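A.B. asks: This is the structure, below, for whatever I ask next.
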Amino acid sequence: MSRDQLLPRTPVQAAIDCGAVLLVMVAATLSFGPVFGGHAYLVAGIGGALAGIAVGVATSLRPLRSWLMTAAGIVLALIVLGPALAVPRSTLFGVLPTLEAWRELLLGVVYSWKGLLTAEPPAEGFPSLLVVPFLTMLVCATLATVLALRLRRGAPLAMLPGLLALVVGIAFGTKIAFWPIALGVVVAGVVVAWWAWRRASWRTGLNDEVEVTNDTRHRVRARRQRSRGAIAMIAAAMAVAALVSIPIQPQSRAVLRDVVEPPIELAEHPSPLAGFRDWHKNFDEEALLTVRGMPEDGRLRIATFDYYDGTVFAVAGAQQTSGSGSFARIGDEVLVQQSGDPVEVRVDLQAYSGIWVPGVGYTQSLRFDGPRAGELQGSLHYNGQTGTAIALDGLAAGDAYTLEAIVPEQPDIDELEGVAITSVEVPEPAVVPDLLQAWVNERGATGQNQFENILEMQRLMTSGAFSHGLEGDFPSLAGHGASRIQSMFDQEVLLGDDEQYATAFALALSRINVPSRVVMGLYPDDGFTGGDEPVELTGGDMHAWVEIPFEGYGWVRFDPTPPEDNDSIQPEPEPQPQPKPQVLQPPQPPEEPAELSPDTVADEGQEDDEEVEDASWGIWLWIAGGVLLLLLLPFLVVGALKAARRKRRFRAERESDRLSGGWHEVVDHAVDLGLPIPAGVTRREVAGVVEDRYPRSRATAIGEFVDEGVFGPGEPARDDVDAFWADVERSVKGMRSEATPRRRLLSTLSLRSFARRRQERRRR
């Protein structure tokens, strides 16, 4: 950066520059609010901004003025202040850095960006994620301060880092914006007001250096006009910012987390419902866990399933429309939009193990205790749609945790009379056994409405026989694949346990277009009575049930399983119709599922994948285009200014002015390439300096031709001037060919030639 670009700043002027930068950085920090929650992100972001401003001021002083020192200052601020501001939990007393804090900080510089996109808001409780706002504000505030204090004519560039920080906050946030109209108005007002003040101070500085005239009234009037124009510009910018922000609704905001896949897909993991019978077989009398604080008639949810592939009920994968299989990391808190009663539950594990974390309702916070608390907390993931959590490190005996949750109200059956079923999109089952379809056709359409059909099918199933197939029970196969459910309906009396009945009921509901999902969890047979008394749950308390969504109530549970003491396999007094002959009659129901099965589902999934992929590519292209435009903006602006200047010179009215303009074009390109041109000397002397450095410029011959045309008798011929401008173009190309690539690149952004022309006018 050349000396003539530097603008000496008084302490008051420098303070105003830093204040404008700080205001923009505070607005950018607030844009992180929806994704972090709490206030820790404010400390990290504003602290990083203040540190960046300090680094920018220090490295703008003459002894330290260099970009290398600026980079070193950023690194130093990161190492010294980063632990306390970005990873305070790993420091001593929240301030003093430790080796663990530095390790977490440096890893966060690389990995926290992706972690923030895959974390479930609010992300404040995650380790190292505060590095994102801290580092963003530190770097952007440093660059903005340096540009504001060092640049003269290019001062508007100083606000680009602040705008970039605002874009980062929006892109890494959520669809919920933090007061978008207010932020837009504040940022636009600060930027325009600061730039108007800079221009005014620049003009004042120029006037102070020239001879003061007696035309005081004229100068006062001009100053008032400029002040009114500045106020009008500020008002217009704030109005435009407000109007632009109004139509930007949360659903139309494109953020990066929309195109980043969750870190895990549990569709790739075995369904715990497949091991349902093992809990009763191996842990029937053994304590799995002890729970305190459960609400009356509550249930501990382990896992929720909504996709049946013909073998098992499982969580839906990425290819399905449901999001039950997408789990995101959570911190200390979870945003819950459900209504219900708040509860606090304590769970101590004995024989229970696995990645699934038993919970109740919709979790607001979950905190592990014990020696593995840190590991389990770091591996904790949650699905807000189903209210289920997993710990990838796996639960084991001795682990414990406390969770706070919202438990929705479970209405009585009578309260659901006349209530509409919510239209929720769940994956269609890949296979539905033929005999079950025939049973639904016979028994699932006898009611007056859909709700009565649900109750009738539930009544018929609960009147069946119960058996775990264990020693002393009537033989009953485990599993819930299509063949097992088919054999269940091939008997005079239905027989099975929670696993088979819940699966059959959910599949039957799908045939009458009722959305449902299967839940596996724990509760004592006589139900929880409420209170803080510890309740010990064994493998015999493992159950499965079905949930159906109702308007105003959410997901309501239904139990299709007969009581465990209903172990009779005698047929009902009223004989059931044989479903098999109905299947063999036209229109041959067995063939229908075969035609509807895998191909159709795969095609729809493929189309959905293609649509999601196209949308992802579109968003990424928009983001890449925005970043590219931001990077190219300085080149475009400076290039447009120089092109306008050349056009004005080339199209001057007098031919002698065109000659002078061509000469100025040659000299200005030499100045932008970094050549110092002496002031107050003749054109011949200037040409000698230019040609000594750039021989291909032919500056001496061009200068002599200009002298002859300007000072000679009459106006030069137009054809001669056109030919002269062709020589000017060749001269400019020759100079650029002799310059280094770095010098050529810097010359495209250089504003030195504009500053030199202004100095010449001042001297004149």
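How things are named: the first chain in the structure tokens is A, the next is B, and so on; residues count from 1 in each chain; ligands count from 1 in the order shown.
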Name all residues at most 12 Å from region 642-645 of chain A (count only C-alpha atoms; drop same-chain ones fewer than 3 positions away) and give them as JSON, numbers by chain.
C.D. replies: {"A": [635, 636, 637, 638, 639, 648, 649, 650, 651, 652, 661, 662, 664, 665, 668, 669, 672, 747, 748, 749, 750, 751, 752, 753, 754, 757]}
A.B. asks: Considering only C-alpha atoms, return as a list in words whatever protein or nucleic-acid residues lie within 7 Å of region 13-20 of chain A, sequence-local ones (same chain, fewer than 5 positions apart) excluded.
C.D. replies: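 Counting only the stated atoms, we get Ile53, Thr145, Ala148, Leu149, Val190 and Trp194 of chain A.
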A.B. asks: Let's have the selection written as a PDB file, in the first residue's frame, with all heavy atoms.
C.D. replies:
ATOM      1  N   ILE A  53     -10.440  -5.315  16.452  1.00  0.00           N
ATOM      2  CA  ILE A  53     -10.241  -3.864  16.324  1.00  0.00           C
ATOM      3  C   ILE A  53      -8.911  -3.459  16.960  1.00  0.00           C
ATOM      4  O   ILE A  53      -8.170  -2.633  16.409  1.00  0.00           O
ATOM      5  CB  ILE A  53     -11.419  -3.116  16.960  1.00  0.00           C
ATOM      6  CG1 ILE A  53     -12.694  -3.355  16.134  1.00  0.00           C
ATOM      7  CG2 ILE A  53     -11.130  -1.631  17.074  1.00  0.00           C
ATOM      8  CD1 ILE A  53     -13.948  -2.789  16.771  1.00  0.00           C
ATOM      9  N   THR A 145     -10.889  -2.866  10.322  1.00  0.00           N
ATOM     10  CA  THR A 145     -10.178  -1.771  10.984  1.00  0.00           C
ATOM     11  C   THR A 145      -8.944  -1.354  10.200  1.00  0.00           C
ATOM     12  O   THR A 145      -8.671  -0.156  10.033  1.00  0.00           O
ATOM     13  CB  THR A 145      -9.786  -2.200  12.403  1.00  0.00           C
ATOM     14  OG1 THR A 145     -10.955  -2.624  13.112  1.00  0.00           O
ATOM     15  CG2 THR A 145      -9.142  -1.056  13.153  1.00  0.00           C
ATOM     16  N   ALA A 148     -10.046   0.586   7.152  1.00  0.00           N
ATOM     17  CA  ALA A 148     -10.593   1.896   7.505  1.00  0.00           C
ATOM     18  C   ALA A 148      -9.497   2.880   7.886  1.00  0.00           C
ATOM     19  O   ALA A 148      -9.582   4.074   7.563  1.00  0.00           O
ATOM     20  CB  ALA A 148     -11.591   1.751   8.651  1.00  0.00           C
ATOM     21  N   LEU A 149      -8.469   2.410   8.575  1.00  0.00           N
ATOM     22  CA  LEU A 149      -7.412   3.306   9.036  1.00  0.00           C
ATOM     23  C   LEU A 149      -6.342   3.565   7.980  1.00  0.00           C
ATOM     24  O   LEU A 149      -5.655   4.589   8.043  1.00  0.00           O
ATOM     25  CB  LEU A 149      -6.760   2.741  10.303  1.00  0.00           C
ATOM     26  CG  LEU A 149      -7.680   2.606  11.527  1.00  0.00           C
ATOM     27  CD1 LEU A 149      -6.909   2.044  12.702  1.00  0.00           C
ATOM     28  CD2 LEU A 149      -8.294   3.945  11.899  1.00  0.00           C
ATOM     29  N   VAL A 190     -25.456   2.460   9.378  1.00  0.00           N
ATOM     30  CA  VAL A 190     -24.074   2.656   9.819  1.00  0.00           C
ATOM     31  C   VAL A 190     -23.131   2.777   8.628  1.00  0.00           C
ATOM     32  O   VAL A 190     -22.265   3.663   8.590  1.00  0.00           O
ATOM     33  CB  VAL A 190     -23.647   1.500  10.745  1.00  0.00           C
ATOM     34  CG1 VAL A 190     -22.148   1.558  11.018  1.00  0.00           C
ATOM     35  CG2 VAL A 190     -24.413   1.555  12.050  1.00  0.00           C
ATOM     36  N   TRP A 194     -21.322   6.278   7.902  1.00  0.00           N
ATOM     37  CA  TRP A 194     -19.864   6.312   8.058  1.00  0.00           C
ATOM     38  C   TRP A 194     -19.179   6.749   6.769  1.00  0.00           C
ATOM     39  O   TRP A 194     -18.245   7.548   6.789  1.00  0.00           O
ATOM     40  CB  TRP A 194     -19.368   4.936   8.491  1.00  0.00           C
ATOM     41  CG  TRP A 194     -17.875   4.852   8.586  1.00  0.00           C
ATOM     42  CD1 TRP A 194     -17.083   5.319   9.599  1.00  0.00           C
ATOM     43  CD2 TRP A 194     -16.987   4.281   7.627  1.00  0.00           C
ATOM     44  NE1 TRP A 194     -15.770   5.075   9.341  1.00  0.00           N
ATOM     45  CE2 TRP A 194     -15.676   4.433   8.122  1.00  0.00           C
ATOM     46  CE3 TRP A 194     -17.176   3.656   6.402  1.00  0.00           C
ATOM     47  CZ2 TRP A 194     -14.564   3.984   7.434  1.00  0.00           C
ATOM     48  CZ3 TRP A 194     -16.068   3.205   5.711  1.00  0.00           C
ATOM     49  CH2 TRP A 194     -14.783   3.365   6.218  1.00  0.00           C
TER      50      TRP A 194
END
A.B. asks: Write out as a ChimeraX atom specification each polymer residue whose atoms come within 12 Å of Arg658 (chain A), counting only C-alpha atoms; drop sequence neighbours fewer than 6 positions from it.
C.D. replies: /A:646-652,664-665,706,709-710,715-725,728
A.B. asks: Measuring atom to atom with only C-alpha atoms, identify which of A:Gly370, A:Gly293, A:Gly310, A:Pro83 is nearest to Ala430 (chain A).
C.D. replies: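 Nearest candidate to Ala430 (chain A) out of A:Gly370, A:Gly293, A:Gly310, A:Pro83: A:Gly310.
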A.B. asks: Need to verify the contact set: Ala158 (chain A), 8 Å, only C-alpha atoms, exclusion of same-chain residues closer than 4 positions in sequence. Can you return it as a ChimeraX atom specification?
C.D. replies: /A:143-148,154,162
A.B. asks: Apply DSSP to the backbone of this structure and, from region 361-509 of chain A, keep only the residues in strand (DSSP E); write these as number ranges by chain.
C.D. replies: A: 362-369, 380-383, 388-395, 400-407, 465-466, 495-496
A.B. asks: Can you work out which one of A:Arg484, A:Arg696, A:Arg511, A:Arg443 has the shortest atom-to-atom distance to Glu456 (chain A), counting only C-alpha atoms?
C.D. replies: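 Checking each candidate against Glu456 (chain A), we get A:Arg443 as the closest.
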A.B. asks: Could you tell me how far CA of Pro475 (chain A) sits from CA of Ala508 (chain A), in Å to one decimal place?
C.D. replies: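 That distance, rounded to one decimal, is 24.0 Å.
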A.B. asks: I need the residues in region 469-556 of chain A that are helix (DSSP H, G or I) according to DSSP; give them as a list in words.
C.D. replies: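 Helix (DSSP H, G or I) assignments inside region 469-556 of chain A correspond to Ala482, Ser483, Arg484, Ile485, Gln486, Ser487, Met488, Asp498, Glu499, Gln500, Tyr501, Ala502, Thr503, Ala504, Phe505, Ala506, Leu507, Ala508, Leu509, Ser510, Arg511, Gly539, Gly540 and Asp541 of chain A.
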A.B. asks: Taking into account only C-alpha atoms, which residue in the set A:Ser31, A:Thr561, A:Gln759, A:Thr311 is nearest to His468 (chain A)?
C.D. replies: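 Of A:Ser31, A:Thr561, A:Gln759, A:Thr311, the one nearest His468 (chain A), counting only C-alpha atoms, is A:Thr561.
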A.B. asks: Measuring between only C-alpha atoms, which one of A:Leu537, A:Ile46, A:Leu151, A:Leu160 shows the shortest distance to Leu130 (chain A)?
C.D. replies: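 Smallest distance to Leu130 (chain A) is found for A:Ile46.
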A.B. asks: Which residues, written as a list in words, have at least one atom at most 8 Å from Ala391 (chain A), with only C-alpha atoms counted and residues fewer than 5 positions away on the same chain left out?
C.D. replies: Ile355, Trp356, Val357, Leu376, Gln377, Ser379, Leu380 and His381 of chain A
A.B. asks: If you keep N, CA and C atoms, can you produce a file of those selected residues as an mmCIF file, in the first residue's frame?
C.D. replies:
data_model
loop_
_atom_site.group_PDB
_atom_site.id
_atom_site.type_symbol
_atom_site.label_atom_id
_atom_site.label_comp_id
_atom_site.auth_asym_id
_atom_site.auth_seq_id
_atom_site.Cartn_x
_atom_site.Cartn_y
_atom_site.Cartn_z
ATOM 1 N N ILE A 355 -27.063 -48.087 22.325
ATOM 2 C CA ILE A 355 -26.915 -46.673 21.976
ATOM 3 C C ILE A 355 -28.195 -45.879 22.236
ATOM 4 N N TRP A 356 -29.330 -46.557 22.405
ATOM 5 C CA TRP A 356 -30.603 -45.849 22.578
ATOM 6 C C TRP A 356 -30.744 -45.377 24.013
ATOM 7 N N VAL A 357 -31.065 -44.097 24.195
ATOM 8 C CA VAL A 357 -31.179 -43.485 25.517
ATOM 9 C C VAL A 357 -32.660 -43.397 25.888
ATOM 10 N N LEU A 376 -20.083 -39.549 26.871
ATOM 11 C CA LEU A 376 -21.481 -39.741 26.469
ATOM 12 C C LEU A 376 -22.122 -38.435 26.020
ATOM 13 N N GLN A 377 -21.799 -37.332 26.719
ATOM 14 C CA GLN A 377 -22.378 -36.046 26.337
ATOM 15 C C GLN A 377 -21.919 -35.643 24.937
ATOM 16 N N SER A 379 -21.170 -37.639 22.522
ATOM 17 C CA SER A 379 -21.715 -38.520 21.485
ATOM 18 C C SER A 379 -23.239 -38.499 21.444
ATOM 19 N N LEU A 380 -23.859 -37.579 22.191
ATOM 20 C CA LEU A 380 -25.319 -37.529 22.297
ATOM 21 C C LEU A 380 -25.924 -36.907 21.041
ATOM 22 N N HIS A 381 -26.922 -37.591 20.469
ATOM 23 C CA HIS A 381 -27.658 -37.101 19.307
ATOM 24 C C HIS A 381 -29.151 -37.224 19.600
#
A.B. asks: Restricting the calculation to only C-alpha atoms, which member of A:Leu273, A:Ile485, A:Val407, A:Val291 is positioned closest to Thr304 (chain A)?
C.D. replies: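 Of all the options, A:Leu273 lies closest to Thr304 (chain A).
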A.B. asks: Mind giving me the straight-line distance from CA of Val419 (chain A) to CA of Val514 (chain A) in Å, one decimal?
C.D. replies: 13.4 Å
A.B. asks: Quick one: distance from CA of Leu129 (chain A) to CA of Pro97 (chain A) in Å, one decimal?
C.D. replies: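 A separation of 17.0 Å between them.
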A.B. asks: Using only C-alpha atoms for the distances, tell me which of A:Ala54, A:Gln350, A:Arg199, A:Thr422 is nearest to Phe283 (chain A).
C.D. replies: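 Looking only at the distances to Phe283 (chain A), the closest residue turns out to be A:Gln350.
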A.B. asks: I want to know what sits within 10 Å of Gly169 (chain A), based on only C-alpha atoms, with residues of the same chain fewer than 2 positions away left out; could you give that as a ChimeraX atom specification?
C.D. replies: /A:27-35,132-133,136-137,163-167,171-174,255
